[in-house]
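J.: Dropping in protein.txt, which is compact mmCIF, C-alpha atoms and all ligand atoms:
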# COMPACT_ATOMS: atom_id res chain seq x y z
CA MET M 1 20.67 -47.01 43.13
CA LYS M 2 18.12 -49.45 44.53
CA GLY M 3 14.84 -49.63 46.46
CA GLU M 4 13.76 -46.68 48.61
CA ALA M 5 16.42 -44.20 47.41
CA SER M 6 15.56 -44.66 43.73
CA GLU M 7 11.84 -44.40 44.50
CA THR M 8 12.42 -41.10 46.35
CA LEU M 9 14.39 -39.75 43.39
CA MET M 10 11.67 -40.87 40.96
CA ASN M 11 9.03 -39.09 43.07
CA GLN M 12 11.12 -35.90 43.18
CA VAL M 13 11.58 -35.97 39.41
CA THR M 14 7.85 -36.60 38.86
CA ASP M 15 6.94 -33.71 41.21
CA ALA M 16 9.41 -31.40 39.49
CA ASN M 17 7.94 -32.27 36.09
CA GLN M 18 4.40 -31.73 37.26
CA ASN M 19 5.28 -28.37 38.78
CA GLN M 20 6.99 -27.09 35.68
CA ASN M 21 5.12 -24.52 33.68
CA VAL M 22 6.01 -26.07 30.32
CA PRO M 23 5.86 -23.62 27.40
CA ARG M 24 3.55 -25.06 24.72
CA ALA M 25 3.34 -24.13 21.06
CA LEU M 26 1.10 -25.27 18.23
CA THR M 27 1.87 -25.29 14.52
CA ILE M 28 -1.01 -25.33 12.04
CA ALA M 29 0.73 -26.21 8.78
CA GLY M 30 1.47 -28.77 6.08
CA SER M 31 3.53 -31.93 6.50
CA ASP M 32 6.83 -32.12 4.58
CA SER M 33 7.82 -35.77 4.16
CA GLY M 34 11.40 -34.59 3.55
CA GLY M 35 11.58 -33.21 7.09
CA GLY M 36 13.14 -29.82 6.28
CA ALA M 37 10.08 -27.55 6.17
CA GLY M 38 6.46 -27.54 7.34
CA ILE M 39 5.27 -29.31 10.49
CA GLN M 40 8.50 -31.30 10.77
CA ALA M 41 10.72 -28.19 10.81
CA ASP M 42 8.37 -26.50 13.26
CA ILE M 43 8.27 -29.34 15.78
CA LYS M 44 12.06 -29.79 15.60
CA THR M 45 12.55 -26.09 16.23
CA PHE M 46 10.13 -26.04 19.17
CA GLN M 47 11.90 -29.04 20.70
CA GLU M 48 15.37 -27.54 20.24
CA LEU M 49 14.16 -24.40 22.02
CA ASP M 50 12.68 -26.35 24.99
CA VAL M 51 9.09 -25.79 23.97
CA PHE M 52 6.48 -28.58 23.88
CA GLY M 53 5.34 -28.81 20.25
CA MET M 54 1.87 -29.74 19.00
CA SER M 55 0.49 -29.86 15.46
CA ALA M 56 -2.65 -29.50 13.40
CA ILE M 57 -1.88 -30.76 9.89
CA THR M 58 -3.64 -28.98 7.01
CA ALA M 59 -2.18 -30.98 4.10
CA VAL M 60 0.25 -33.80 3.51
CA THR M 61 2.93 -33.15 0.90
CA ALA M 62 5.11 -35.75 -0.78
CA GLN M 63 8.28 -33.69 -0.83
CA ASN M 64 12.03 -33.98 -0.80
CA THR M 65 14.99 -31.69 -1.53
CA LEU M 66 14.25 -31.95 -5.27
CA GLY M 67 10.69 -30.63 -5.06
CA VAL M 68 7.05 -31.18 -4.18
CA HIS M 69 5.72 -34.35 -5.82
CA GLY M 70 2.19 -34.35 -4.40
CA VAL M 71 -0.15 -32.23 -2.27
CA TYR M 72 -3.02 -33.85 -0.35
CA PRO M 73 -5.11 -31.35 1.61
CA LEU M 74 -7.10 -32.57 4.61
CA THR M 75 -10.78 -31.73 5.05
CA VAL M 76 -11.75 -28.61 6.98
CA ASP M 77 -13.30 -30.88 9.65
CA ALA M 78 -10.04 -32.76 10.11
CA VAL M 79 -8.14 -29.50 10.63
CA VAL M 80 -10.73 -28.07 13.03
CA GLN M 81 -10.88 -31.29 15.09
CA GLN M 82 -7.11 -31.27 15.57
CA ILE M 83 -7.17 -27.65 16.77
CA ASP M 84 -10.16 -28.26 19.04
CA ALA M 85 -8.48 -31.33 20.54
CA ILE M 86 -5.58 -29.12 21.61
CA GLY M 87 -7.68 -26.14 22.67
CA GLY M 88 -10.01 -28.36 24.71
CA ASP M 89 -7.26 -30.07 26.70
CA LEU M 90 -3.58 -29.13 26.50
CA GLY M 91 -3.89 -25.41 25.78
CA LEU M 92 -1.03 -23.39 24.35
CA ASP M 93 1.14 -20.33 24.94
CA ALA M 94 1.71 -19.43 21.27
CA LEU M 95 0.88 -20.74 17.82
CA LYS M 96 2.02 -20.33 14.25
CA THR M 97 0.37 -20.95 10.94
CA GLY M 98 2.26 -22.11 7.84
CA MET M 99 0.89 -23.80 4.71
CA LEU M 100 -2.92 -23.46 4.90
CA PHE M 101 -3.66 -24.29 1.26
CA SER M 102 -7.28 -23.11 0.80
CA ALA M 103 -9.61 -20.23 1.71
CA GLU M 104 -11.91 -22.68 3.54
CA ILE M 105 -9.08 -23.92 5.77
CA ILE M 106 -7.88 -20.36 6.42
CA ARG M 107 -11.34 -19.19 7.50
CA ALA M 108 -11.83 -22.23 9.73
CA VAL M 109 -8.42 -21.70 11.37
CA ALA M 110 -9.20 -18.02 11.97
CA ASP M 111 -12.54 -19.00 13.50
CA ARG M 112 -10.89 -21.43 15.97
CA ILE M 113 -8.19 -18.90 16.94
CA SER M 114 -10.95 -16.38 17.74
CA HIS M 115 -13.02 -19.01 19.55
CA PHE M 116 -10.17 -19.91 21.92
CA GLY M 117 -9.07 -16.28 22.28
CA TRP M 118 -5.45 -17.08 21.33
CA ARG M 119 -3.39 -13.92 20.93
CA GLN M 120 0.23 -15.03 20.51
CA VAL M 121 -0.26 -15.83 16.85
CA VAL M 122 2.52 -15.88 14.24
CA VAL M 123 1.27 -16.01 10.64
CA ASP M 124 3.80 -17.24 8.08
CA PRO M 125 1.82 -16.72 4.85
CA VAL M 126 3.33 -19.67 2.97
CA MET M 127 2.46 -19.56 -0.75
CA VAL M 128 5.09 -21.29 -2.88
CA ALA M 129 7.78 -23.88 -2.08
CA LYS M 130 11.40 -23.02 -2.96
CA GLY M 131 11.15 -25.28 -6.04
CA GLY M 132 8.10 -23.34 -7.32
CA ALA M 133 5.19 -25.64 -6.30
CA LYS M 134 2.02 -23.91 -5.13
CA LEU M 135 1.20 -24.44 -1.45
CA LEU M 136 -1.68 -21.91 -1.40
CA GLN M 137 -4.51 -21.60 -3.91
CA SER M 138 -4.54 -18.17 -5.61
CA GLU M 139 -8.10 -17.42 -4.53
CA ALA M 140 -7.09 -17.95 -0.89
CA VAL M 141 -4.89 -14.83 -0.66
CA GLU M 142 -7.86 -12.64 0.22
CA ALA M 143 -8.79 -14.95 3.09
CA ILE M 144 -5.33 -14.43 4.61
CA THR M 145 -5.60 -10.64 4.54
CA SER M 146 -9.23 -10.43 5.66
CA SER M 147 -9.54 -13.34 8.18
CA LEU M 148 -6.09 -14.17 9.49
CA LEU M 149 -3.96 -11.02 9.54
CA PRO M 150 -6.33 -9.18 11.91
CA LEU M 151 -5.61 -11.97 14.45
CA ALA M 152 -1.83 -11.98 13.99
CA ARG M 153 0.64 -10.73 16.57
CA ILE M 154 3.37 -11.10 13.94
CA VAL M 155 3.18 -11.76 10.19
CA THR M 156 6.35 -12.99 8.47
CA PRO M 157 6.13 -12.83 4.65
CA ASN M 158 9.13 -13.23 2.40
CA ILE M 159 9.48 -10.64 -0.39
CA PRO M 160 7.36 -12.44 -3.06
CA GLU M 161 4.63 -13.10 -0.46
CA ALA M 162 4.67 -9.43 0.62
CA GLU M 163 4.22 -8.49 -3.05
CA VAL M 164 1.22 -10.80 -3.48
CA LEU M 165 -0.43 -9.69 -0.21
CA THR M 166 -0.03 -5.97 -0.94
CA GLY M 167 -0.12 -5.88 -4.75
CA LEU M 168 3.07 -3.77 -4.64
CA GLN M 169 6.29 -4.45 -6.55
CA ILE M 170 9.34 -4.65 -4.32
CA ASN M 171 12.72 -3.63 -5.74
CA SER M 172 14.33 -1.66 -2.92
CA MET M 173 14.44 -1.14 0.84
CA THR M 174 12.05 1.81 0.36
CA ASP M 175 9.57 -0.54 -1.33
CA ILE M 176 9.93 -3.02 1.54
CA ARG M 177 9.05 -0.28 4.05
CA GLU M 178 6.04 0.72 1.96
CA ALA M 179 4.87 -2.92 1.82
CA ALA M 180 5.29 -3.22 5.61
CA ARG M 181 3.08 -0.14 6.14
CA HIS M 182 0.51 -1.63 3.77
CA LEU M 183 0.55 -5.01 5.56
CA MET M 184 0.05 -3.25 8.92
CA ASP M 185 -3.28 -1.94 7.60
CA PHE M 186 -4.61 -5.53 7.49
CA GLY M 187 -4.43 -5.61 11.30
CA PRO M 188 -1.36 -7.48 12.61
CA SER M 189 0.57 -5.95 15.54
CA MET M 190 3.93 -6.43 13.85
CA VAL M 191 5.27 -7.12 10.36
CA VAL M 192 8.56 -8.88 9.56
CA ILE M 193 9.50 -8.89 5.86
CA LYS M 194 12.25 -11.47 5.37
CA GLY M 195 15.08 -10.66 3.01
CA GLY M 196 16.17 -14.11 1.84
CA HIS M 197 14.81 -13.51 -1.67
CA ALA M 198 16.60 -10.18 -2.24
CA ALA M 199 19.44 -10.06 -4.81
CA GLU M 200 21.83 -12.99 -4.38
CA ASP M 201 24.89 -10.82 -5.00
CA GLN M 202 24.35 -8.76 -1.82
CA GLU M 203 26.63 -9.52 1.10
CA GLU M 204 23.88 -9.14 3.68
CA VAL M 205 20.37 -10.47 4.19
CA VAL M 206 18.16 -7.84 5.79
CA ASP M 207 14.89 -8.66 7.59
CA LEU M 208 12.75 -5.57 8.21
CA VAL M 209 10.60 -5.31 11.34
CA TYR M 210 7.79 -2.76 11.59
CA ASP M 211 5.62 -2.27 14.69
CA GLY M 212 3.45 0.52 13.32
CA ARG M 213 5.73 3.22 14.68
CA SER M 214 9.32 2.46 13.79
CA PHE M 215 11.37 0.24 11.50
CA THR M 216 14.19 -2.01 12.70
CA GLU M 217 16.54 -3.80 10.32
CA PHE M 218 18.17 -7.11 11.20
CA ALA M 219 21.17 -7.54 8.91
CA HIS M 220 23.16 -10.80 8.77
CA THR M 221 25.86 -12.11 6.49
CA ARG M 222 24.33 -13.82 3.45
CA ILE M 223 25.36 -17.46 3.31
CA HIS M 224 25.89 -18.59 -0.28
CA THR M 225 24.22 -21.99 -0.29
CA VAL M 226 21.41 -23.93 -1.97
CA HIS M 227 20.46 -25.51 1.36
CA THR M 228 17.68 -23.14 2.37
CA HIS M 229 14.72 -25.51 2.32
CA GLY M 230 12.48 -24.60 5.25
CA THR M 231 14.23 -21.38 6.33
CA GLY M 232 10.94 -19.47 6.60
CA CYS M 233 9.18 -22.25 8.53
CA THR M 234 12.11 -22.60 10.90
CA PHE M 235 12.41 -18.84 11.46
CA SER M 236 8.70 -18.38 12.24
CA SER M 237 8.60 -21.38 14.56
CA ALA M 238 11.63 -20.06 16.48
CA ILE M 239 9.75 -16.75 16.91
CA THR M 240 6.71 -18.72 18.12
CA ALA M 241 8.87 -20.66 20.59
CA GLY M 242 10.22 -17.37 21.95
CA LEU M 243 6.70 -16.01 22.44
CA ALA M 244 5.62 -19.27 24.10
CA LYS M 245 8.46 -18.83 26.61
CA GLY M 246 7.26 -15.32 27.47
CA MET M 247 9.89 -13.42 25.50
CA SER M 248 8.88 -10.11 23.90
CA ALA M 249 8.21 -10.02 20.15
CA GLU M 250 11.51 -8.15 19.57
CA GLU M 251 13.54 -10.62 21.67
CA SER M 252 11.85 -13.57 19.94
CA ILE M 253 12.67 -12.22 16.48
CA LYS M 254 16.29 -11.53 17.46
CA MET M 255 16.72 -15.03 18.88
CA ALA M 256 14.98 -16.60 15.85
CA ARG M 257 17.30 -14.69 13.51
CA THR M 258 20.35 -16.17 15.26
CA TYR M 259 18.70 -19.61 15.28
CA ILE M 260 18.16 -19.61 11.50
CA GLN M 261 21.62 -18.13 10.79
CA PHE M 262 23.29 -21.02 12.64
CA ALA M 263 20.90 -23.54 11.03
CA ILE M 264 21.87 -22.36 7.53
CA GLU M 265 25.60 -22.02 8.33
CA ASP M 266 25.88 -25.58 9.71
CA SER M 267 23.70 -27.16 7.02
CA LEU M 268 23.67 -30.94 6.76
CA GLY M 269 24.30 -31.32 3.04
CA ILE M 270 21.73 -34.08 2.57
CA GLY M 271 19.60 -34.71 -0.52
CA GLY M 272 20.37 -33.88 -4.13
CA GLY M 273 18.62 -30.49 -4.30
CA HIS M 274 17.68 -27.68 -1.89
CA GLY M 275 18.70 -29.38 1.36
CA PRO M 276 17.29 -28.75 4.83
CA THR M 277 18.84 -26.52 7.47
CA ASN M 278 20.38 -27.89 10.65
CA HIS M 279 17.83 -27.60 13.43
CA TRP M 280 20.23 -28.61 16.19
CA ALA M 281 23.01 -26.16 15.27
CA TYR M 282 21.77 -23.46 17.68
CA ARG M 283 21.70 -25.77 20.72
CA ARG M 284 25.07 -27.32 19.83
CA ARG M 285 26.71 -23.90 19.55
CA LEU M 286 25.23 -22.68 22.83
CA GLU M 287 26.47 -25.85 24.54
CA ILE M 288 29.99 -25.20 23.24
CA VAL M 289 29.93 -21.59 24.56
CA ARG M 290 28.73 -22.71 28.04
N1 LIG M 301 21.24 -17.18 2.23
C1 LIG M 301 20.87 -16.76 3.45
N2 LIG M 301 21.81 -16.36 4.34
C2 LIG M 301 21.43 -15.94 5.58
N3 LIG M 301 20.15 -15.88 6.00
C3 LIG M 301 19.18 -16.25 5.15
C4 LIG M 301 19.48 -16.71 3.83
N4 LIG M 301 18.31 -17.04 3.21
C5 LIG M 301 17.34 -16.79 4.10
N5 LIG M 301 17.85 -16.31 5.26
C6 LIG M 301 17.08 -15.95 6.47
O1 LIG M 301 16.16 -17.00 6.69
C7 LIG M 301 14.90 -16.47 7.11
C8 LIG M 301 13.84 -16.90 6.09
O2 LIG M 301 13.95 -16.06 4.96
P1 LIG M 301 13.41 -16.34 3.51
O3 LIG M 301 14.28 -17.40 2.89
O4 LIG M 301 13.33 -15.03 2.84
O5 LIG M 301 11.96 -16.92 3.80
P2 LIG M 301 11.14 -18.07 3.08
O6 LIG M 301 11.77 -19.38 3.47
O7 LIG M 301 9.78 -17.88 3.64
O8 LIG M 301 11.23 -17.84 1.62
C9 LIG M 301 15.07 -14.97 7.23
O9 LIG M 301 15.39 -14.63 8.55
C10 LIG M 301 16.24 -14.70 6.27
O10 LIG M 301 16.94 -13.52 6.62
C1 LIG M 302 4.71 -28.31 3.89
C2 LIG M 302 5.52 -27.14 3.53
N1 LIG M 302 5.32 -25.96 4.17
C3 LIG M 302 6.07 -24.89 3.85
C4 LIG M 302 7.04 -24.96 2.88
C5 LIG M 302 7.84 -23.74 2.50
O1 LIG M 302 9.15 -23.86 2.86
P1 LIG M 302 10.11 -22.59 3.12
O2 LIG M 302 10.15 -22.42 4.60
O3 LIG M 302 11.41 -22.97 2.55
O4 LIG M 302 9.48 -21.40 2.47
C6 LIG M 302 7.25 -26.19 2.23
N2 LIG M 302 8.19 -26.33 1.27
N3 LIG M 302 6.48 -27.26 2.57
Transcribe the structure of this file into structure tokens.
Ligand SMILES: Nc1ncnc2c1ncn2[C@@H]1O[C@H](COP(=O)(O)OP(=O)(O)O)[C@@H](O)[C@H]1O
Ligand SMILES: Cc1ncc(COP(=O)(O)O)c(N)n1
T.:
Amino acid sequence: MKGEASETLMNQVTDANQNQNVPRALTIAGSDSGGGAGIQADIKTFQELDVFGMSAITAVTAQNTLGVHGVYPLTVDAVVQQIDAIGGDLGLDALKTGMLFSAEIIRAVADRISHFGWRQVVVDPVMVAKGGAKLLQSEAVEAITSSLLPLARIVTPNIPEAEVLTGLQINSMTDIREAARHLMDFGPSMVVIKGGHAAEDQEEVVDLVYDGRSFTEFAHTRIHTVHTHGTGCTFSSAITAGLAKGMSAEESIKMARTYIQFAIEDSLGIGGGHGPTNHWAYRRRLEIVR
């Protein structure tokens, strides 16, 4: 195509792009150089779900599938400036938090969320990497419960995180329900306790959702694999993408659960340790069905 015709097409495309109400999502989290968790997993997930991804980095980690080799937190000012740059210009439809590292960063993040009046907030209370490295200082736990959870639409702890946040020991589904009730008291609108860390010999992984009135269980076949690096980050960013697109919290969680199931099932098998999940598996499978 040449000349006038191609120019007309270009103008139409430009107009269409400008008229689109693009869903936008922000992740406030740590960078994982290995690309399977943290900011990298979040942005990939947003992109795969047709959501424009933005980031405010809290810490840089030197990390691969074998473990975390270094943690370099950014200053509170650096984190706040990144968030303010987004809030003051691009805006957003939903955001998630991941690795926040310190009480000072947590309080500053909570302050900026309140300042901008953002309500579609998913809090993934990241504490420890799969290999055991600390991604949150112990004294920062209280800042999560007192500053951040009251602002959360959805909080998504795994079982060890739910234990630390509530001080309860979790050994059964009854304990998980009790922990969910306890977490609700900190002020989020919804609690999702993820079941990935439950006994390995069980055939199913059950995520429990509690909205303050009723419990819903999402049960999926447990995939027996070591390649689960970044499952929590990926799951919470898929929920955030759903919210950014205007889906309900329940629909977003259901979609995110399918997204992470496919990502674990079709894992890439790269690296010598706990490998990443496959962020494009969901889109590929939907394309095959269409
Ligand atoms: N082996 C597995 N098979 C299927 N789903 C899993 C498996 N491990 C984790 N998941 C799912 O991945 C998501 C993240 O769970 P989990 O691994 O518990 O969180 P985290 O990464 O924060 O420790 C949840 O939806 C959970 O059900
Ligand atoms: C920077 C960063 N953030 C979070 C995690 C947790 O990963 P997971 O999702 O497997 O719990 C990680 N390993 N690194």
J.: Go ahead and compute the interatomic distance for CA of Ser252 in chain M and atom C1 of ligand LIG 301 (chain M), in Å to one decimal.
T.: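 Atom C1 of ligand LIG 301 (chain M) lies 19.1 Å from CA of Ser252 in chain M.
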J.: Can you tell me which residues surround range 191-201 of chain M at a distance of at most 8 Å, considering only C-alpha atoms, apart from same-chain residues fewer than 6 positions away, and format the answer as a PyMOL selection string?
T.: chain M and resi 154-160+162+176+180+183-184+207-211
J.: Could you write those residues out with C-alpha atoms, as a compact mmCIF listing (two decimals), in the frame of the given file?
T.:
# COMPACT_ATOMS: atom_id res chain seq x y z
CA ILE M 154 3.37 -11.10 13.94
CA VAL M 155 3.18 -11.76 10.19
CA THR M 156 6.35 -12.99 8.47
CA PRO M 157 6.13 -12.83 4.65
CA ASN M 158 9.13 -13.23 2.40
CA ILE M 159 9.48 -10.64 -0.39
CA PRO M 160 7.36 -12.44 -3.06
CA ALA M 162 4.67 -9.43 0.62
CA ILE M 176 9.93 -3.02 1.54
CA ALA M 180 5.29 -3.22 5.61
CA LEU M 183 0.55 -5.01 5.56
CA MET M 184 0.05 -3.25 8.92
CA ASP M 207 14.89 -8.66 7.59
CA LEU M 208 12.75 -5.57 8.21
CA VAL M 209 10.60 -5.31 11.34
CA TYR M 210 7.79 -2.76 11.59
CA ASP M 211 5.62 -2.27 14.69
J.: How many Å lie between CA of Phe46 in chain M and CA of Ala25 in chain M, rounded to one decimal?
T.: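 Answer for the CA of Phe46 in chain M to CA of Ala25 in chain M separation: 7.3 Å.
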J.: For Pro125 in chain M, which residue among M:Gln202, M:Gln47, M:Ser236, M:Thr225 is the nearest when counting only C-alpha atoms?
T.: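 Of all the options, M:Ser236 lies closest to Pro125 in chain M.
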J.: Which is closer to ligand LIG 302 (chain M) than all the others in M:Asp50, M:Glu139, M:Asp32, M:Glu251, using only C-alpha atoms and all ligand atoms?
T.: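 Among the listed residues, the smallest separation from ligand LIG 302 (chain M) belongs to M:Asp32.
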J.: Fewer than 2 positions away in the same chain doesn't count, so skip those; otherwise give me all residues within 9 Å of Val121 in chain M, counting all atoms listed in the file, as a ChimeraX atom specification.
T.: /M:94-97,113,118-119,123,151-155,240,243
J.: Using all atoms of ligand LIG 302 (chain M) that appear in the file, construct an axis-aligned enclosing box with 4 Å of padding on every side and provide its centre coordinates and edge lengths in Å, rounded to one decimal, as lines of an AutoDock Vina configuration file.
T.:
center_x = 8.1
center_y = -24.9
center_z = 2.9
size_x = 14.7
size_y = 14.9
size_z = 11.3
